[in-house]
Amino acid sequence: MAEQHEAPLIVIEGLTKRFSGFTAVDNVSFSVRRGEVLGFLGPNGAGKSTTMRMLAGFMTPTAGRASICGHDVQQDAIAARRVLGFLPEGAPTYPEMTVLAFLRFAGRIRGFSGKELDRRVEHAVGLTTLQGVRLQPVETLSKGFKRRVGLAQALLHDPPVLVLDEPTDGLDPNQKHEVRNLIGQMAAQKAIVISTHILEEVDAVCTRAIIIARGKVVADATPADLQKLAPSGKLDDVFRNLTMPMTMSGAA
Amino acid sequence: MRNTLIVARRELGGYFATPVAVVFIVIFLALQGVLTFNLGNFFDRNQADLAPFFSFIPWVFLLLVPAITMRLWAEERRLGTIELLLTLPITQGQAVLGKFLAAWAFCAIALVLTFPFVITVNYLGNPDNGVIATGYLGSLLVAGSFLAIGSAMSAVTKNQVIAFVLGVAVCFVFAVASYPLVLDFLSRAAPGMAEIVRRLSIAERFSGFTRGVIALRDLIYFASFIGFWLFLNTVIIDHRKAD
């Protein structure tokens, strides 16, 4: 972890989101420093995506605040989004656009033009190994390729903060491995949050893991420390013990 | 402004990357042709002008413009791309304006492609081309007004059919507001309202342009009408983007 003295790049304080009748995210607080890869774990419906949407400034929190590199995501939204690379849930892209057109659009919005735009797009295409499908419309691509197009969009401007909602969902084992390597390579220079429900991913790439259930943080520790919470020493069991009551009650 | 144009450029490209553009333009030109030449008695009138052409424009736009706008936001919502678009470093206003400008440019392209009407009438007689030009300007403003309404209606739902029906319904209200049927009813039910409603009518404002008159108050009307609906669009997006 480089530069411990530096202020955390992501700060979330008391973030809460209530929908009519239920609380999706309940008073969640954490911060992420440069060099950390935070695994955001939880069963489906636990509030992972809602938290990430609030962090990206897409959803307005009911209470609490979030900031990226010191910019409040609500008050100073544009500045916060400039330093954020965000992969939304399901990696949405415009289906009729070609990969290249889509990435060039994202690049232009990020303020690049001319040679710099070409260079950035080619670099992102290279990182996510999209070279072969550059000129294909996104709708003709497989799920794994679509996910990588979304990832390329998030990496294009080399942001100090990456928020990736299920970056490896739908990828085959080789592609998962590549994406994890990629995250590992970038880890030292960035603060990264990835959400996942694949526990092996936490071991593979994360320096820290937060388990969220029913909108509340139920654990926040390094993967190694989390494993010690179960007698078996298996992350699976820790996850089940911490999140099971919710699944049983059917509130997911 | 730069971001607005980047969004507009992407949107406009989207029309031509899908069959939307071709279908819209072909149907628009066919409808205008049939209406002008058959229902409008273009030849039998023996007058060298495009009055029949312009008299049908608001009605054809009433039907076709909401078909363009229904997807503007509803589709972004359905695909989830709204989450991507609105987490890029652009304001919601820029996104709304960009989409609107692209749709408006598209309507302008469709209008430009009606040039054979202008050539025909110039070949057959000596029309007042100034009146034709103001008619086109008025048509573009009517299209802009309907687009702004339709775009706002598209923002309230992720269902394109609902967006289309709402768009047609609201556009219809403003299109027929000056018609005797509405005004007679209002003058009996709410006498004070009749005059206000007449002034809000798109058809009423458009009629000046088709007679060759560009009145400043009509330009202000169209600008504030479009501005109002785009503002409403931005407010709706802001409140309902994550629903």
# chains A, B, ... in the order shown; residues from 1 in each chain; ligands from 1

$ residues_around --residues "Glu122 in chain A" --least-positions-apart "5" --cutoff "9 Å" --atoms "only C-alpha atoms" --output "VMD selection string"
chain A and resid 100 117 127 131

$ select_by_dssp --residues "range 25-106 of chain B" --states "helix (DSSP H, G or I)" --output "ChimeraX atom specification"
/B:25-39,51-79,81-85,92-106

$ residues_around --residues "Val163 in chain A" --least-positions-apart "2" --cutoff "9 Å" --atoms "only C-alpha atoms" --output "ChimeraX atom specification"
/A:52,55-56,84-88,154,161,165,191-195

$ write_last_selection --atoms "N, CA and C atoms" --output "PDB file, in the first residue's frame"
ATOM      1  N   MET A  52     -23.028   1.292  -5.039  1.00  0.00           N
ATOM      2  CA  MET A  52     -22.147   1.730  -6.117  1.00  0.00           C
ATOM      3  C   MET A  52     -22.784   2.829  -6.949  1.00  0.00           C
ATOM      4  N   LEU A  55     -22.368   5.929  -5.074  1.00  0.00           N
ATOM      5  CA  LEU A  55     -20.973   6.356  -5.132  1.00  0.00           C
ATOM      6  C   LEU A  55     -20.652   7.006  -6.482  1.00  0.00           C
ATOM      7  N   ALA A  56     -21.272   6.485  -7.545  1.00  0.00           N
ATOM      8  CA  ALA A  56     -21.028   7.040  -8.879  1.00  0.00           C
ATOM      9  C   ALA A  56     -21.861   8.301  -9.132  1.00  0.00           C
ATOM     10  N   LEU A  84     -13.404   9.317 -11.971  1.00  0.00           N
ATOM     11  CA  LEU A  84     -13.989   8.007 -11.703  1.00  0.00           C
ATOM     12  C   LEU A  84     -14.115   7.200 -12.993  1.00  0.00           C
ATOM     13  N   GLY A  85     -13.747   5.935 -12.919  1.00  0.00           N
ATOM     14  CA  GLY A  85     -14.081   4.994 -13.984  1.00  0.00           C
ATOM     15  C   GLY A  85     -15.144   4.075 -13.431  1.00  0.00           C
ATOM     16  N   PHE A  86     -16.293   4.020 -14.079  1.00  0.00           N
ATOM     17  CA  PHE A  86     -17.429   3.293 -13.515  1.00  0.00           C
ATOM     18  C   PHE A  86     -17.928   2.257 -14.507  1.00  0.00           C
ATOM     19  N   LEU A  87     -18.056   1.035 -14.039  1.00  0.00           N
ATOM     20  CA  LEU A  87     -18.693  -0.007 -14.843  1.00  0.00           C
ATOM     21  C   LEU A  87     -20.032  -0.307 -14.181  1.00  0.00           C
ATOM     22  N   PRO A  88     -21.139   0.167 -14.769  1.00  0.00           N
ATOM     23  CA  PRO A  88     -22.444  -0.081 -14.143  1.00  0.00           C
ATOM     24  C   PRO A  88     -22.822  -1.566 -14.195  1.00  0.00           C
ATOM     25  N   ALA A 154     -14.421   2.220 -18.838  1.00  0.00           N
ATOM     26  CA  ALA A 154     -14.099   2.684 -17.487  1.00  0.00           C
ATOM     27  C   ALA A 154     -12.606   2.989 -17.326  1.00  0.00           C
ATOM     28  N   VAL A 161      -9.677   6.393  -9.529  1.00  0.00           N
ATOM     29  CA  VAL A 161     -10.670   5.592  -8.806  1.00  0.00           C
ATOM     30  C   VAL A 161     -11.471   4.752  -9.800  1.00  0.00           C
ATOM     31  N   ASP A 165     -18.874  -2.789 -11.090  1.00  0.00           N
ATOM     32  CA  ASP A 165     -19.957  -3.635 -10.594  1.00  0.00           C
ATOM     33  C   ASP A 165     -19.920  -4.961 -11.351  1.00  0.00           C
ATOM     34  N   ALA A 191      -7.390   3.443  -6.424  1.00  0.00           N
ATOM     35  CA  ALA A 191      -8.305   2.881  -5.426  1.00  0.00           C
ATOM     36  C   ALA A 191      -9.400   2.178  -6.218  1.00  0.00           C
ATOM     37  N   ILE A 192      -9.584   0.894  -5.969  1.00  0.00           N
ATOM     38  CA  ILE A 192     -10.514   0.103  -6.788  1.00  0.00           C
ATOM     39  C   ILE A 192     -11.556  -0.556  -5.900  1.00  0.00           C
ATOM     40  N   VAL A 193     -12.808  -0.458  -6.300  1.00  0.00           N
ATOM     41  CA  VAL A 193     -13.879  -1.195  -5.636  1.00  0.00           C
ATOM     42  C   VAL A 193     -14.496  -2.120  -6.669  1.00  0.00           C
ATOM     43  N   ILE A 194     -14.544  -3.425  -6.366  1.00  0.00           N
ATOM     44  CA  ILE A 194     -15.258  -4.320  -7.271  1.00  0.00           C
ATOM     45  C   ILE A 194     -16.327  -5.056  -6.473  1.00  0.00           C
ATOM     46  N   SER A 195     -17.496  -5.169  -7.057  1.00  0.00           N
ATOM     47  CA  SER A 195     -18.521  -5.958  -6.387  1.00  0.00           C
ATOM     48  C   SER A 195     -18.540  -7.325  -7.047  1.00  0.00           C
TER      49      SER A 195
END

$ closest_atom_pairs --of "chain A" --to "chain B" --cutoff "6 Å" --atoms "only C-alpha atoms" --output "tab-separated table"
residue	atom	partner	partner_atom	distance
A:Met59	CA	B:Ala242	CA	5.8
A:Ile78	CA	B:Pro89	CA	4.9
A:Arg81	CA	B:Pro89	CA	5.2
A:Arg82	CA	B:Pro89	CA	5.5
A:Pro92	CA	B:Thr81	CA	5.1
A:Thr93	CA	B:Thr81	CA	5.9

$ residues_around --residues "Ser31 in chain A" --least-positions-apart "6" --cutoff "7 Å" --atoms "only C-alpha atoms" --output "PyMOL selection string"
chain A and resi 8+10-12

$ closest_residue --among "A:Lys17, A:Leu103, A:Asp72, A:Ala24" --to "Ala152 in chain A" --atoms "only C-alpha atoms"
A:Leu103

$ atom_distance --atom1 "CA of Ala223 in chain B" --atom2 "CA of Met1 in chain B"
18.0 Å

$ atom_distance --atom1 "CA of Ile236 in chain B" --atom2 "CA of Arg77 in chain B"
12.8 Å

$ residues_around --residues "Leu200 in chain B" --least-positions-apart "5" --cutoff "12 Å" --atoms "only C-alpha atoms" --output "PyMOL selection string"
chain B and resi 145+171+173-179+183+193-195+205-206+217-218+220-222+224-225

$ write_last_selection --atoms "N, CA and C atoms" --output "PDB file, in the first residue's frame"
ATOM      1  N   SER B 145     -41.144  21.710 -31.129  1.00  0.00           N
ATOM      2  CA  SER B 145     -42.083  21.730 -30.003  1.00  0.00           C
ATOM      3  C   SER B 145     -42.556  20.318 -29.679  1.00  0.00           C
ATOM      4  N   CYS B 171     -49.039  16.198 -27.370  1.00  0.00           N
ATOM      5  CA  CYS B 171     -48.879  16.996 -28.590  1.00  0.00           C
ATOM      6  C   CYS B 171     -50.248  17.348 -29.168  1.00  0.00           C
ATOM      7  N   VAL B 173     -53.080  17.756 -27.629  1.00  0.00           N
ATOM      8  CA  VAL B 173     -53.713  18.816 -26.833  1.00  0.00           C
ATOM      9  C   VAL B 173     -53.251  20.190 -27.321  1.00  0.00           C
ATOM     10  N   PHE B 174     -51.931  20.333 -27.526  1.00  0.00           N
ATOM     11  CA  PHE B 174     -51.421  21.636 -27.942  1.00  0.00           C
ATOM     12  C   PHE B 174     -51.688  21.911 -29.419  1.00  0.00           C
ATOM     13  N   ALA B 175     -51.880  20.846 -30.207  1.00  0.00           N
ATOM     14  CA  ALA B 175     -52.159  21.044 -31.629  1.00  0.00           C
ATOM     15  C   ALA B 175     -53.590  21.526 -31.841  1.00  0.00           C
ATOM     16  N   VAL B 176     -54.526  20.978 -31.076  1.00  0.00           N
ATOM     17  CA  VAL B 176     -55.938  21.301 -31.329  1.00  0.00           C
ATOM     18  C   VAL B 176     -56.455  22.431 -30.439  1.00  0.00           C
ATOM     19  N   ALA B 177     -55.586  22.992 -29.612  1.00  0.00           N
ATOM     20  CA  ALA B 177     -56.041  23.955 -28.609  1.00  0.00           C
ATOM     21  C   ALA B 177     -56.789  25.143 -29.222  1.00  0.00           C
ATOM     22  N   SER B 178     -56.491  25.481 -30.474  1.00  0.00           N
ATOM     23  CA  SER B 178     -57.140  26.655 -31.052  1.00  0.00           C
ATOM     24  C   SER B 178     -58.363  26.269 -31.881  1.00  0.00           C
ATOM     25  N   TYR B 179     -58.723  25.000 -31.887  1.00  0.00           N
ATOM     26  CA  TYR B 179     -59.840  24.580 -32.731  1.00  0.00           C
ATOM     27  C   TYR B 179     -61.175  24.948 -32.095  1.00  0.00           C
ATOM     28  N   LEU B 183     -62.270  25.560 -28.176  1.00  0.00           N
ATOM     29  CA  LEU B 183     -62.503  26.925 -27.691  1.00  0.00           C
ATOM     30  C   LEU B 183     -63.968  27.136 -27.313  1.00  0.00           C
ATOM     31  N   MET B 193     -60.273  30.990 -19.695  1.00  0.00           N
ATOM     32  CA  MET B 193     -59.244  30.079 -20.194  1.00  0.00           C
ATOM     33  C   MET B 193     -59.146  30.073 -21.714  1.00  0.00           C
ATOM     34  N   ALA B 194     -60.260  30.329 -22.375  1.00  0.00           N
ATOM     35  CA  ALA B 194     -60.307  30.155 -23.831  1.00  0.00           C
ATOM     36  C   ALA B 194     -59.211  30.948 -24.537  1.00  0.00           C
ATOM     37  N   GLU B 195     -59.051  32.193 -24.157  1.00  0.00           N
ATOM     38  CA  GLU B 195     -58.073  33.044 -24.816  1.00  0.00           C
ATOM     39  C   GLU B 195     -56.644  32.568 -24.543  1.00  0.00           C
ATOM     40  N   ARG B 205     -50.015  29.338 -33.800  1.00  0.00           N
ATOM     41  CA  ARG B 205     -48.718  29.994 -34.006  1.00  0.00           C
ATOM     42  C   ARG B 205     -48.125  29.638 -35.364  1.00  0.00           C
ATOM     43  N   PHE B 206     -48.362  28.400 -35.769  1.00  0.00           N
ATOM     44  CA  PHE B 206     -47.804  27.920 -37.025  1.00  0.00           C
ATOM     45  C   PHE B 206     -48.459  28.611 -38.226  1.00  0.00           C
ATOM     46  N   ARG B 217     -43.170  37.583 -31.563  1.00  0.00           N
ATOM     47  CA  ARG B 217     -43.846  36.923 -30.444  1.00  0.00           C
ATOM     48  C   ARG B 217     -44.047  35.433 -30.705  1.00  0.00           C
ATOM     49  N   ASP B 218     -44.184  35.053 -31.980  1.00  0.00           N
ATOM     50  CA  ASP B 218     -44.304  33.628 -32.285  1.00  0.00           C
ATOM     51  C   ASP B 218     -42.969  32.913 -32.081  1.00  0.00           C
ATOM     52  N   ILE B 220     -40.688  33.866 -29.989  1.00  0.00           N
ATOM     53  CA  ILE B 220     -40.511  33.776 -28.532  1.00  0.00           C
ATOM     54  C   ILE B 220     -41.368  32.655 -27.961  1.00  0.00           C
ATOM     55  N   TYR B 221     -42.588  32.548 -28.511  1.00  0.00           N
ATOM     56  CA  TYR B 221     -43.470  31.464 -28.050  1.00  0.00           C
ATOM     57  C   TYR B 221     -42.805  30.109 -28.259  1.00  0.00           C
ATOM     58  N   PHE B 222     -42.331  29.860 -29.474  1.00  0.00           N
ATOM     59  CA  PHE B 222     -41.745  28.541 -29.754  1.00  0.00           C
ATOM     60  C   PHE B 222     -40.494  28.306 -28.906  1.00  0.00           C
ATOM     61  N   SER B 224     -39.767  29.579 -25.962  1.00  0.00           N
ATOM     62  CA  SER B 224     -40.068  29.312 -24.550  1.00  0.00           C
ATOM     63  C   SER B 224     -40.822  27.996 -24.386  1.00  0.00           C
ATOM     64  N   PHE B 225     -41.619  27.645 -25.401  1.00  0.00           N
ATOM     65  CA  PHE B 225     -42.336  26.360 -25.345  1.00  0.00           C
ATOM     66  C   PHE B 225     -41.334  25.200 -25.307  1.00  0.00           C
TER      67      PHE B 225
END

$ atom_distance --atom1 "CA of Leu29 in chain B" --atom2 "CA of Lys158 in chain B"
29.4 Å

$ select_by_dssp --residues "range 20-73 of chain A" --states "strand (DSSP E or B)" --output "list in words"
Phe22, Thr23, Ala24, Val25, Asp26, Asn27, Val28, Ser29, Phe30, Ser31, Val32, Val37, Leu38, Gly39, Phe40, Leu41, Ala63, Gly64, Arg65, Ala66, Ser67, Ile68, His71 and Asp72 of chain A

$ closest_residue --among "A:Ala204, A:Val217, A:Val37, A:Gly170" --to "Gly14 in chain A" --atoms "only C-alpha atoms"
A:Val217

$ closest_residue --among "B:Phe61, B:Phe24, B:Phe117, B:Phe164" --to "Asp49 in chain B" --atoms "only C-alpha atoms"
B:Phe117

$ residues_around --residues "Cys107 in chain B" --least-positions-apart "4" --cutoff "12 Å" --atoms "only C-alpha atoms" --output "NGL selection string"
:B and (12 or 15 or 21 or 24-25 or 28-29 or 57 or 60-61 or 64-69 or 100-103 or 111-114 or 136-137 or 139-147)

$ decode --residues "range 119-133 of chain B" --atoms "all heavy atoms" --output "compact mmCIF listing (two decimals), in the first residue's frame"
# COMPACT_ATOMS: atom_id res chain seq x y z
N ILE B 119 -39.52 22.09 -55.86
CA ILE B 119 -39.16 22.08 -57.28
C ILE B 119 -40.42 21.97 -58.13
O ILE B 119 -40.60 22.71 -59.10
CB ILE B 119 -38.20 20.89 -57.57
CG1 ILE B 119 -36.87 21.13 -56.85
CG2 ILE B 119 -38.00 20.74 -59.07
CD1 ILE B 119 -35.91 19.98 -56.96
N THR B 120 -41.34 21.08 -57.74
CA THR B 120 -42.57 20.87 -58.50
C THR B 120 -43.36 22.18 -58.63
O THR B 120 -43.76 22.57 -59.72
CB THR B 120 -43.45 19.82 -57.78
OG1 THR B 120 -42.69 18.65 -57.60
CG2 THR B 120 -44.69 19.50 -58.60
N VAL B 121 -43.53 22.84 -57.47
CA VAL B 121 -44.38 24.03 -57.51
C VAL B 121 -43.69 25.16 -58.27
O VAL B 121 -44.35 25.96 -58.94
CB VAL B 121 -44.80 24.42 -56.05
CG1 VAL B 121 -43.68 25.13 -55.33
CG2 VAL B 121 -46.06 25.28 -56.07
N ASN B 122 -42.37 25.19 -58.24
CA ASN B 122 -41.65 26.20 -59.00
C ASN B 122 -41.66 25.90 -60.50
O ASN B 122 -41.60 26.80 -61.32
CB ASN B 122 -40.20 26.31 -58.51
CG ASN B 122 -40.07 27.32 -57.37
OD1 ASN B 122 -40.18 28.52 -57.58
ND2 ASN B 122 -39.88 26.80 -56.17
N TYR B 123 -41.75 24.63 -60.82
CA TYR B 123 -41.81 24.21 -62.22
C TYR B 123 -43.17 24.56 -62.82
O TYR B 123 -43.28 24.98 -63.96
CB TYR B 123 -41.55 22.70 -62.30
CG TYR B 123 -41.65 22.13 -63.68
CD1 TYR B 123 -40.64 22.34 -64.63
CD2 TYR B 123 -42.76 21.37 -64.06
CE1 TYR B 123 -40.74 21.82 -65.90
CE2 TYR B 123 -42.87 20.84 -65.33
CZ TYR B 123 -41.85 21.07 -66.24
OH TYR B 123 -41.95 20.55 -67.51
N LEU B 124 -44.21 24.39 -61.98
CA LEU B 124 -45.58 24.58 -62.47
C LEU B 124 -46.01 26.05 -62.49
O LEU B 124 -46.90 26.43 -63.22
CB LEU B 124 -46.56 23.77 -61.61
CG LEU B 124 -46.43 22.25 -61.71
CD1 LEU B 124 -47.33 21.56 -60.70
CD2 LEU B 124 -46.76 21.77 -63.12
N GLY B 125 -45.44 26.84 -61.65
CA GLY B 125 -45.89 28.22 -61.59
C GLY B 125 -44.83 29.13 -60.99
O GLY B 125 -43.64 28.79 -60.98
N ASN B 126 -45.23 30.26 -60.49
CA ASN B 126 -44.31 31.20 -59.87
C ASN B 126 -44.71 31.46 -58.43
O ASN B 126 -45.32 32.48 -58.13
CB ASN B 126 -44.30 32.54 -60.64
CG ASN B 126 -43.57 32.40 -61.96
OD1 ASN B 126 -42.45 31.91 -62.01
ND2 ASN B 126 -44.23 32.82 -63.03
N PRO B 127 -44.39 30.53 -57.56
CA PRO B 127 -44.80 30.69 -56.17
C PRO B 127 -43.96 31.75 -55.46
O PRO B 127 -42.90 32.13 -55.94
CB PRO B 127 -44.52 29.32 -55.57
CG PRO B 127 -43.37 28.81 -56.36
CD PRO B 127 -43.56 29.34 -57.76
N ASP B 128 -44.48 32.23 -54.35
CA ASP B 128 -43.71 33.13 -53.49
C ASP B 128 -42.79 32.27 -52.62
O ASP B 128 -43.22 31.67 -51.65
CB ASP B 128 -44.67 33.94 -52.61
CG ASP B 128 -43.93 34.96 -51.77
OD1 ASP B 128 -42.70 34.79 -51.59
OD2 ASP B 128 -44.57 35.90 -51.28
N ASN B 129 -41.53 32.21 -53.03
CA ASN B 129 -40.61 31.31 -52.32
C ASN B 129 -40.30 31.81 -50.91
O ASN B 129 -39.85 31.04 -50.06
CB ASN B 129 -39.33 31.10 -53.11
CG ASN B 129 -39.54 30.08 -54.23
OD1 ASN B 129 -40.13 29.02 -54.01
ND2 ASN B 129 -39.10 30.40 -55.43
N GLY B 130 -40.53 33.08 -50.65
CA GLY B 130 -40.36 33.60 -49.30
C GLY B 130 -41.37 32.97 -48.35
O GLY B 130 -41.04 32.55 -47.24
N VAL B 131 -42.61 32.85 -48.81
CA VAL B 131 -43.66 32.21 -48.00
C VAL B 131 -43.32 30.74 -47.77
O VAL B 131 -43.52 30.21 -46.67
CB VAL B 131 -45.04 32.35 -48.69
CG1 VAL B 131 -46.10 31.58 -47.91
CG2 VAL B 131 -45.43 33.82 -48.81
N ILE B 132 -42.79 30.11 -48.80
CA ILE B 132 -42.41 28.70 -48.65
C ILE B 132 -41.30 28.57 -47.59
O ILE B 132 -41.33 27.68 -46.74
CB ILE B 132 -41.96 28.11 -50.01
CG1 ILE B 132 -43.20 28.00 -50.92
CG2 ILE B 132 -41.29 26.76 -49.83
CD1 ILE B 132 -42.90 27.53 -52.33
N ALA B 133 -40.34 29.51 -47.64
CA ALA B 133 -39.24 29.47 -46.67
C ALA B 133 -39.75 29.65 -45.24
O ALA B 133 -39.36 28.92 -44.33
CB ALA B 133 -38.20 30.53 -47.00
